[in-house]
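Pasted below: final.cif, mmCIF, C-alpha atoms.
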```cif
data_query
loop_
_atom_site.label_atom_id
_atom_site.label_comp_id
_atom_site.auth_asym_id
_atom_site.auth_seq_id
_atom_site.Cartn_x
_atom_site.Cartn_y
_atom_site.Cartn_z
CA GLY M 1 -6.41 -53.15 5.72
CA GLU M 2 -7.44 -50.33 8.03
CA GLY M 3 -3.83 -49.55 8.96
CA GLY M 4 -2.87 -49.13 5.31
CA TRP M 5 -5.84 -46.81 4.73
CA GLU M 6 -4.89 -44.62 7.70
CA GLU M 7 -1.31 -44.49 6.48
CA PHE M 8 -2.50 -43.41 3.05
CA LEU M 9 -4.73 -40.68 4.51
CA GLY M 10 -1.85 -39.45 6.68
CA ALA M 11 0.50 -39.24 3.71
CA LEU M 12 -2.20 -37.54 1.63
CA SER M 13 -2.90 -34.92 4.30
CA ASN M 14 0.82 -34.21 4.67
CA GLU M 15 1.18 -33.77 0.91
CA ALA M 16 -1.87 -31.47 0.80
CA PHE M 17 -0.48 -29.39 3.67
CA VAL M 18 2.90 -28.98 1.97
CA ARG M 19 1.18 -28.11 -1.31
CA GLY M 20 -0.82 -25.45 0.50
CA LEU M 21 2.37 -23.93 1.93
CA VAL M 22 3.87 -23.70 -1.55
CA VAL M 23 0.82 -22.51 -3.52
CA MET M 24 -1.03 -20.31 -0.99
CA PRO M 25 1.33 -19.39 1.85
CA THR M 26 -0.74 -16.33 2.85
CA VAL M 27 -3.85 -18.45 3.41
CA MET M 28 -1.88 -21.06 5.34
CA LYS M 29 -0.26 -18.39 7.50
CA SER M 30 -3.67 -16.85 8.23
CA TRP M 31 -5.03 -20.28 9.22
CA PHE M 32 -1.96 -20.88 11.39
CA GLY M 33 -2.55 -17.65 13.27
CA SER M 34 -6.11 -18.58 14.20
CA CYS M 35 -6.09 -22.39 14.56
CA GLN M 36 -6.45 -24.29 17.82
CA ARG M 37 -3.43 -24.35 20.09
CA SER M 38 -2.82 -28.09 19.63
CA LEU M 39 -2.94 -27.76 15.83
CA HIS M 40 -0.76 -24.65 15.99
CA GLN M 41 2.09 -26.50 17.68
CA ALA M 42 1.73 -29.63 15.53
CA ALA M 43 1.75 -27.59 12.31
CA LEU M 44 4.81 -25.61 13.35
CA GLU M 45 6.72 -28.76 14.32
CA PHE M 46 5.84 -30.42 11.00
CA VAL M 47 7.02 -27.38 9.03
CA GLU M 48 10.22 -27.01 11.07
CA ARG M 49 10.99 -30.72 10.77
CA SER M 50 10.43 -31.31 7.07
CA ALA M 51 7.86 -29.26 5.13
CA GLY M 52 9.64 -25.93 5.53
CA ARG M 53 12.73 -27.20 3.75
CA ILE M 54 10.63 -28.07 0.69
CA VAL M 55 9.27 -24.51 0.60
CA VAL M 56 12.75 -23.01 1.06
CA GLU M 57 14.12 -25.21 -1.75
CA GLY M 58 11.39 -23.88 -4.03
CA GLU M 59 12.14 -20.26 -3.17
CA VAL M 60 15.89 -20.70 -3.68
CA LYS M 61 15.27 -22.50 -6.97
CA LYS M 62 13.24 -19.53 -8.22
CA ILE M 63 16.01 -17.17 -7.15
CA LEU M 64 18.77 -19.11 -8.87
CA GLY M 65 16.67 -19.63 -12.01
CA ALA M 66 15.74 -15.98 -12.46
CA SER M 67 16.79 -14.59 -15.83
CA ARG M 68 19.19 -11.70 -16.28
CA ALA M 69 16.43 -9.85 -18.16
CA LEU M 70 14.25 -10.04 -15.04
CA LEU M 71 16.96 -9.17 -12.51
CA GLY M 72 18.67 -6.40 -14.46
CA ASP M 73 21.76 -5.22 -12.58
CA MET M 74 20.74 -7.01 -9.37
CA THR M 75 22.67 -10.17 -8.46
CA VAL M 76 21.04 -12.84 -6.29
CA SER M 77 22.17 -16.07 -4.64
CA GLY M 78 20.77 -18.52 -2.11
CA ASN M 79 21.65 -21.42 0.16
CA VAL M 80 19.03 -24.06 1.01
CA GLY M 81 21.05 -25.37 3.96
CA THR M 82 21.18 -22.05 5.80
CA GLY M 83 17.92 -20.66 4.40
CA GLU M 84 19.71 -17.48 3.37
CA ILE M 85 19.08 -15.47 0.21
CA TRP M 86 21.32 -12.55 -0.77
CA ALA M 87 20.80 -9.70 -3.20
CA LYS M 88 23.20 -6.99 -4.30
CA TYR M 89 22.39 -3.99 -6.42
CA MET M 90 24.48 -1.10 -7.70
CA GLN M 91 22.66 2.21 -8.10
CA ASP M 92 24.41 5.49 -8.86
CA GLU M 93 27.82 4.01 -7.91
CA VAL M 94 26.42 2.88 -4.56
CA GLU M 95 26.37 -0.86 -3.82
CA LEU M 96 23.43 -1.97 -1.71
CA ALA M 97 23.10 -5.44 -0.24
CA VAL M 98 20.42 -7.32 1.66
CA CYS M 99 20.14 -10.80 3.16
CA VAL M 100 16.79 -12.56 3.69
CA ARG M 101 16.91 -15.39 6.24
CA LEU M 102 14.13 -17.96 6.09
CA PRO M 103 13.58 -19.52 9.53
CA PRO M 104 12.85 -23.27 9.92
CA GLY M 105 9.17 -22.44 10.36
CA TYR M 106 8.89 -20.50 7.07
CA PRO M 107 6.35 -19.62 5.69
CA LEU M 108 4.38 -19.87 8.94
CA ARG M 109 7.11 -17.73 10.50
CA ASN M 110 8.20 -14.44 8.91
CA PRO M 111 11.58 -14.10 7.18
CA GLU M 112 14.26 -11.94 8.76
CA VAL M 113 15.90 -9.13 6.78
CA ASP M 114 19.46 -7.92 7.27
CA ALA M 115 20.12 -4.76 5.28
CA GLY M 116 23.48 -4.06 6.90
CA GLY M 117 25.57 -5.17 3.92
CA GLY M 118 27.00 -2.74 1.39
CA LEU M 119 26.92 1.04 1.77
CA ASP M 120 24.06 2.64 3.64
CA ALA M 121 23.33 5.29 0.96
CA GLY M 122 23.02 8.12 3.43
CA GLY M 123 20.97 6.11 5.92
CA LYS M 124 18.48 4.85 3.34
CA GLY M 125 19.84 1.30 3.09
CA ARG M 126 18.24 0.16 6.34
CA LYS M 127 15.01 1.96 5.47
CA TRP M 128 14.79 0.01 2.20
CA GLY M 129 15.45 -3.10 4.26
CA LEU M 130 12.47 -2.23 6.48
CA ALA M 131 10.31 -1.79 3.39
CA LEU M 132 11.41 -5.23 2.18
CA ASN M 133 10.61 -6.65 5.61
CA CYS M 134 7.09 -5.20 5.46
CA ALA M 135 6.49 -6.68 2.00
CA LEU M 136 7.72 -10.10 3.12
CA ALA M 137 5.59 -10.01 6.27
CA MET M 138 2.47 -9.44 4.18
CA GLY M 139 3.18 -12.79 2.52
CA SER M 140 1.31 -11.91 -0.67
CA ALA M 141 4.42 -12.25 -2.85
CA GLY M 142 7.34 -14.67 -3.00
CA ILE M 143 10.91 -13.84 -2.03
CA LEU M 144 12.00 -13.13 -5.60
CA ASP M 145 9.07 -10.77 -6.23
CA CYS M 146 9.83 -8.93 -2.98
CA LEU M 147 13.50 -8.55 -3.92
CA LEU M 148 12.48 -7.16 -7.32
CA MET M 149 10.24 -4.68 -5.48
CA TRP M 150 13.19 -3.81 -3.19
CA LYS M 151 15.19 -2.95 -6.32
CA GLU M 152 12.29 -1.00 -7.84
CA ASN M 153 11.83 0.96 -4.60
CA ILE M 154 15.48 1.97 -4.73
CA ASP M 155 15.24 3.01 -8.38
CA THR M 156 12.07 5.03 -7.79
CA GLU M 157 13.48 6.83 -4.76
CA PHE M 158 16.67 7.65 -6.64
CA ASP M 159 14.35 9.23 -9.23
CA GLY M 160 13.18 11.62 -6.52
CA VAL M 161 9.94 10.03 -5.25
CA GLU M 162 9.68 10.12 -1.44
CA PRO M 163 8.66 6.91 0.37
CA CYS M 164 5.57 6.45 2.50
CA PRO M 165 6.47 7.25 6.16
CA ILE M 166 4.43 4.26 7.38
CA CYS M 167 5.73 1.32 5.30
CA TYR M 168 9.05 3.02 4.34
CA ALA M 169 8.47 2.03 0.70
CA VAL M 170 7.90 4.10 -2.40
CA LEU M 171 5.75 1.40 -3.98
CA ASP M 172 2.71 -0.10 -2.30
CA PRO M 173 3.39 -3.88 -2.05
CA LYS M 174 -0.03 -4.74 -3.52
CA SER M 175 -1.01 -1.96 -5.93
CA ARG M 176 2.57 -0.87 -6.81
CA SER M 177 1.34 2.74 -6.62
CA THR M 178 3.48 5.56 -5.20
CA PRO M 179 2.36 7.56 -2.12
CA ASN M 180 -0.53 9.66 -3.43
CA PHE M 181 -2.43 10.88 -0.37
CA SER M 182 -1.09 14.12 1.13
CA CYS M 183 -1.59 15.33 4.68
CA PRO M 184 -3.21 18.78 4.29
CA THR M 185 -1.12 20.12 7.19
CA CYS M 186 2.46 18.90 6.66
CA ASN M 187 2.17 17.70 3.01
CA HIS M 188 3.81 14.32 3.69
CA LYS M 189 2.49 11.74 1.24
CA PHE M 190 1.23 8.28 2.20
CA HIS M 191 -0.19 5.20 0.56
CA ARG M 192 -3.92 5.34 1.22
CA ALA M 193 -3.94 1.67 2.26
CA CYS M 194 -1.17 2.34 4.80
CA LEU M 195 -3.17 5.18 6.36
CA ILE M 196 -6.26 3.00 6.64
CA LYS M 197 -4.27 0.28 8.44
CA TRP M 198 -2.56 2.87 10.65
CA PHE M 199 -5.89 4.41 11.70
CA ALA M 200 -7.35 0.96 12.41
CA SER M 201 -4.40 0.12 14.67
CA ARG M 202 -5.00 3.36 16.60
CA GLU M 203 -8.63 2.51 17.37
CA GLY M 204 -10.02 4.98 14.88
CA GLU M 205 -7.76 7.92 15.78
CA HIS M 206 -7.23 9.71 12.46
CA LYS M 207 -3.99 11.61 13.05
CA CYS M 208 -1.07 12.12 10.69
CA VAL M 209 1.92 9.93 11.52
CA MET M 210 4.27 12.88 11.06
CA CYS M 211 2.56 16.02 12.38
CA GLN M 212 -0.16 14.43 14.56
CA GLN M 213 -2.87 16.62 13.04
CA GLU M 214 -6.28 15.22 12.13
CA ILE M 215 -6.62 13.72 8.64
CA ASN M 216 -9.87 13.19 6.76
CA LEU M 217 -9.30 10.46 4.18
CA ASN M 218 -12.16 11.83 2.09
CA ALA M 219 -10.84 15.39 2.14
CA GLY M 220 -7.04 14.94 1.90
CA ARG M 221 -5.21 15.88 -1.23
CA ARG M 222 -4.08 13.31 -3.72
CA GLY M 223 -0.65 13.70 -5.29
CA ARG M 224 0.55 12.35 -8.60
CA ARG M 225 0.87 8.60 -9.12
#
```
Show the structure stored in the file as structure tokens.
Amino acid sequence: GEGGWEEFLGALSNEAFVRGLVVMPTVMKSWFGSCQRSLHQAALEFVERSAGRIVVEGEVKKILGASRALLGDMTVSGNVGTGEIWAKYMQDEVELAVCVRLPPGYPLRNPEVDAGGGLDAGGKGRKWGLALNCALAMGSAGILDCLLMWKENIDTEFDGVEPCPICYAVLDPKSRSTPNFSCPTCNHKFHRACLIKWFASREGEHKCVMCQQEINLNAGRRGRR
């Protein structure tokens, strides 16, 4: 009957929505940010009530199933009930720790990062936490991939490469390149993509984040990759 058909369509749409959250969270998050107000609230309530837990279970499952060859010296753990994922990494006799908390509305809501665990490595621990937070907020990679990038950022900075002053990371979350665009005045190096976003957020004002001098993206110096 008609009632059975409507019930089927409702179940199908719910399943499709959940599948979208799992497979293409960035697209779903973009839609969520621009959808009608009534849909916005309904979607968030649905995710907080049931769908979000399915996504969190998938992320935690990936974390717990990661191979030692992939993780290296980093240890990871997760709890579906609390939505918390922990990572610890020892570098140069310094233990660094970070906790990623997935809110009930994840992935429509951004994760929260607590980088207060472990030693602060001369003030850099929280900076690496901010870099992880930026990567997670972009939503283009899963939690495990972002934690692996967190570890790689630490390794690369310990090798002497300075992070980008805008995103606080050595590696660009998308291209995985190191900061390779130098300010001609102060010589600080940035990811080109970070500078483009920074300029756009300043209504076209092309000034260096550090020294506040004008920067020409077509004339600045490129450092090594």
Determine the residue membership of the PyMOL selection byres ((chain M and resi 78-81) around 7) for the file above and supply it as a compact mmCIF listing (two decimals) with C-alpha atoms, keeping the file's coordinate frame.
```
# COMPACT_ATOMS: atom_id res chain seq x y z
CA VAL M 56 12.75 -23.01 1.06
CA GLU M 57 14.12 -25.21 -1.75
CA VAL M 60 15.89 -20.70 -3.68
CA SER M 77 22.17 -16.07 -4.64
CA THR M 82 21.18 -22.05 5.80
CA GLY M 83 17.92 -20.66 4.40
CA GLU M 84 19.71 -17.48 3.37
CA ILE M 85 19.08 -15.47 0.21
CA TRP M 86 21.32 -12.55 -0.77
```
Would you kindly translate the PyMOL selection byres ((chain M and resi 165-179) around 9) into the concrete residues it picks from this file, as a PDB file with C-alpha atoms, in the frame of the given file?
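Everything below was put into part-v1.pdb:
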```pdb
ATOM      1  CA  LYS M 127      15.010   1.960   5.470  1.00  0.00           C
ATOM      2  CA  TRP M 128      14.790   0.010   2.200  1.00  0.00           C
ATOM      3  CA  GLY M 129      15.450  -3.100   4.260  1.00  0.00           C
ATOM      4  CA  LEU M 130      12.470  -2.230   6.480  1.00  0.00           C
ATOM      5  CA  ALA M 131      10.310  -1.790   3.390  1.00  0.00           C
ATOM      6  CA  LEU M 132      11.410  -5.230   2.180  1.00  0.00           C
ATOM      7  CA  CYS M 134       7.090  -5.200   5.460  1.00  0.00           C
ATOM      8  CA  ALA M 135       6.490  -6.680   2.000  1.00  0.00           C
ATOM      9  CA  MET M 138       2.470  -9.440   4.180  1.00  0.00           C
ATOM     10  CA  SER M 140       1.310 -11.910  -0.670  1.00  0.00           C
ATOM     11  CA  ALA M 141       4.420 -12.250  -2.850  1.00  0.00           C
ATOM     12  CA  CYS M 146       9.830  -8.930  -2.980  1.00  0.00           C
ATOM     13  CA  MET M 149      10.240  -4.680  -5.480  1.00  0.00           C
ATOM     14  CA  TRP M 150      13.190  -3.810  -3.190  1.00  0.00           C
ATOM     15  CA  GLU M 152      12.290  -1.000  -7.840  1.00  0.00           C
ATOM     16  CA  ASN M 153      11.830   0.960  -4.600  1.00  0.00           C
ATOM     17  CA  ILE M 154      15.480   1.970  -4.730  1.00  0.00           C
ATOM     18  CA  THR M 156      12.070   5.030  -7.790  1.00  0.00           C
ATOM     19  CA  GLU M 157      13.480   6.830  -4.760  1.00  0.00           C
ATOM     20  CA  VAL M 161       9.940  10.030  -5.250  1.00  0.00           C
ATOM     21  CA  GLU M 162       9.680  10.120  -1.440  1.00  0.00           C
ATOM     22  CA  PRO M 163       8.660   6.910   0.370  1.00  0.00           C
ATOM     23  CA  CYS M 164       5.570   6.450   2.500  1.00  0.00           C
ATOM     24  CA  ASN M 180      -0.530   9.660  -3.430  1.00  0.00           C
ATOM     25  CA  PHE M 181      -2.430  10.880  -0.370  1.00  0.00           C
ATOM     26  CA  SER M 182      -1.090  14.120   1.130  1.00  0.00           C
ATOM     27  CA  HIS M 188       3.810  14.320   3.690  1.00  0.00           C
ATOM     28  CA  LYS M 189       2.490  11.740   1.240  1.00  0.00           C
ATOM     29  CA  PHE M 190       1.230   8.280   2.200  1.00  0.00           C
ATOM     30  CA  HIS M 191      -0.190   5.200   0.560  1.00  0.00           C
ATOM     31  CA  ARG M 192      -3.920   5.340   1.220  1.00  0.00           C
ATOM     32  CA  ALA M 193      -3.940   1.670   2.260  1.00  0.00           C
ATOM     33  CA  CYS M 194      -1.170   2.340   4.800  1.00  0.00           C
ATOM     34  CA  LEU M 195      -3.170   5.180   6.360  1.00  0.00           C
ATOM     35  CA  TRP M 198      -2.560   2.870  10.650  1.00  0.00           C
ATOM     36  CA  VAL M 209       1.920   9.930  11.520  1.00  0.00           C
ATOM     37  CA  MET M 210       4.270  12.880  11.060  1.00  0.00           C
ATOM     38  CA  ARG M 222      -4.080  13.310  -3.720  1.00  0.00           C
ATOM     39  CA  GLY M 223      -0.650  13.700  -5.290  1.00  0.00           C
ATOM     40  CA  ARG M 224       0.550  12.350  -8.600  1.00  0.00           C
ATOM     41  CA  ARG M 225       0.870   8.600  -9.120  1.00  0.00           C
TER      42      ARG M 225
END
```
- Task: Would you work out the distance separating CA of Ile54 (chain M) from CA of Val27 (chain M), expressed in Å to one decimal?
- Result: 17.6 Å
- For the structure provided, state which residues fall under the PyMOL selection byres ((chain M and resi 142) around 10), and present them as a ChimeraX atom specification. /M:22,25,59,62-63,135-136,139-141,143-147
Would you save the residues from that selection as an mmCIF file, in the coordinates of the input, using C-alpha atoms?
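Below is the file that was written, selection_15.cif:
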```cif
data_model
loop_
_atom_site.group_PDB
_atom_site.id
_atom_site.type_symbol
_atom_site.label_atom_id
_atom_site.label_comp_id
_atom_site.auth_asym_id
_atom_site.auth_seq_id
_atom_site.Cartn_x
_atom_site.Cartn_y
_atom_site.Cartn_z
ATOM 1 C CA VAL M 22 3.870 -23.700 -1.550
ATOM 2 C CA PRO M 25 1.330 -19.390 1.850
ATOM 3 C CA GLU M 59 12.140 -20.260 -3.170
ATOM 4 C CA LYS M 62 13.240 -19.530 -8.220
ATOM 5 C CA ILE M 63 16.010 -17.170 -7.150
ATOM 6 C CA ALA M 135 6.490 -6.680 2.000
ATOM 7 C CA LEU M 136 7.720 -10.100 3.120
ATOM 8 C CA GLY M 139 3.180 -12.790 2.520
ATOM 9 C CA SER M 140 1.310 -11.910 -0.670
ATOM 10 C CA ALA M 141 4.420 -12.250 -2.850
ATOM 11 C CA ILE M 143 10.910 -13.840 -2.030
ATOM 12 C CA LEU M 144 12.000 -13.130 -5.600
ATOM 13 C CA ASP M 145 9.070 -10.770 -6.230
ATOM 14 C CA CYS M 146 9.830 -8.930 -2.980
ATOM 15 C CA LEU M 147 13.500 -8.550 -3.920
#
```
- Query: Hey, what's within 7 Å of region 31-47 of chain M if we count all atoms listed in the file and toss same-chain stuff fewer than 4 positions away? As a count of residues only, please?
  - Reply: 5
- Note on the structure: Here CA of Cys183 (chain M) and CA of Ala137 (chain M) stand apart by 26.4 Å
- Message: Rounded to one decimal, what separation in Å do you get between CA of Arg53 (chain M) and CA of Trp5 (chain M)?
- Response: 27.0 Å
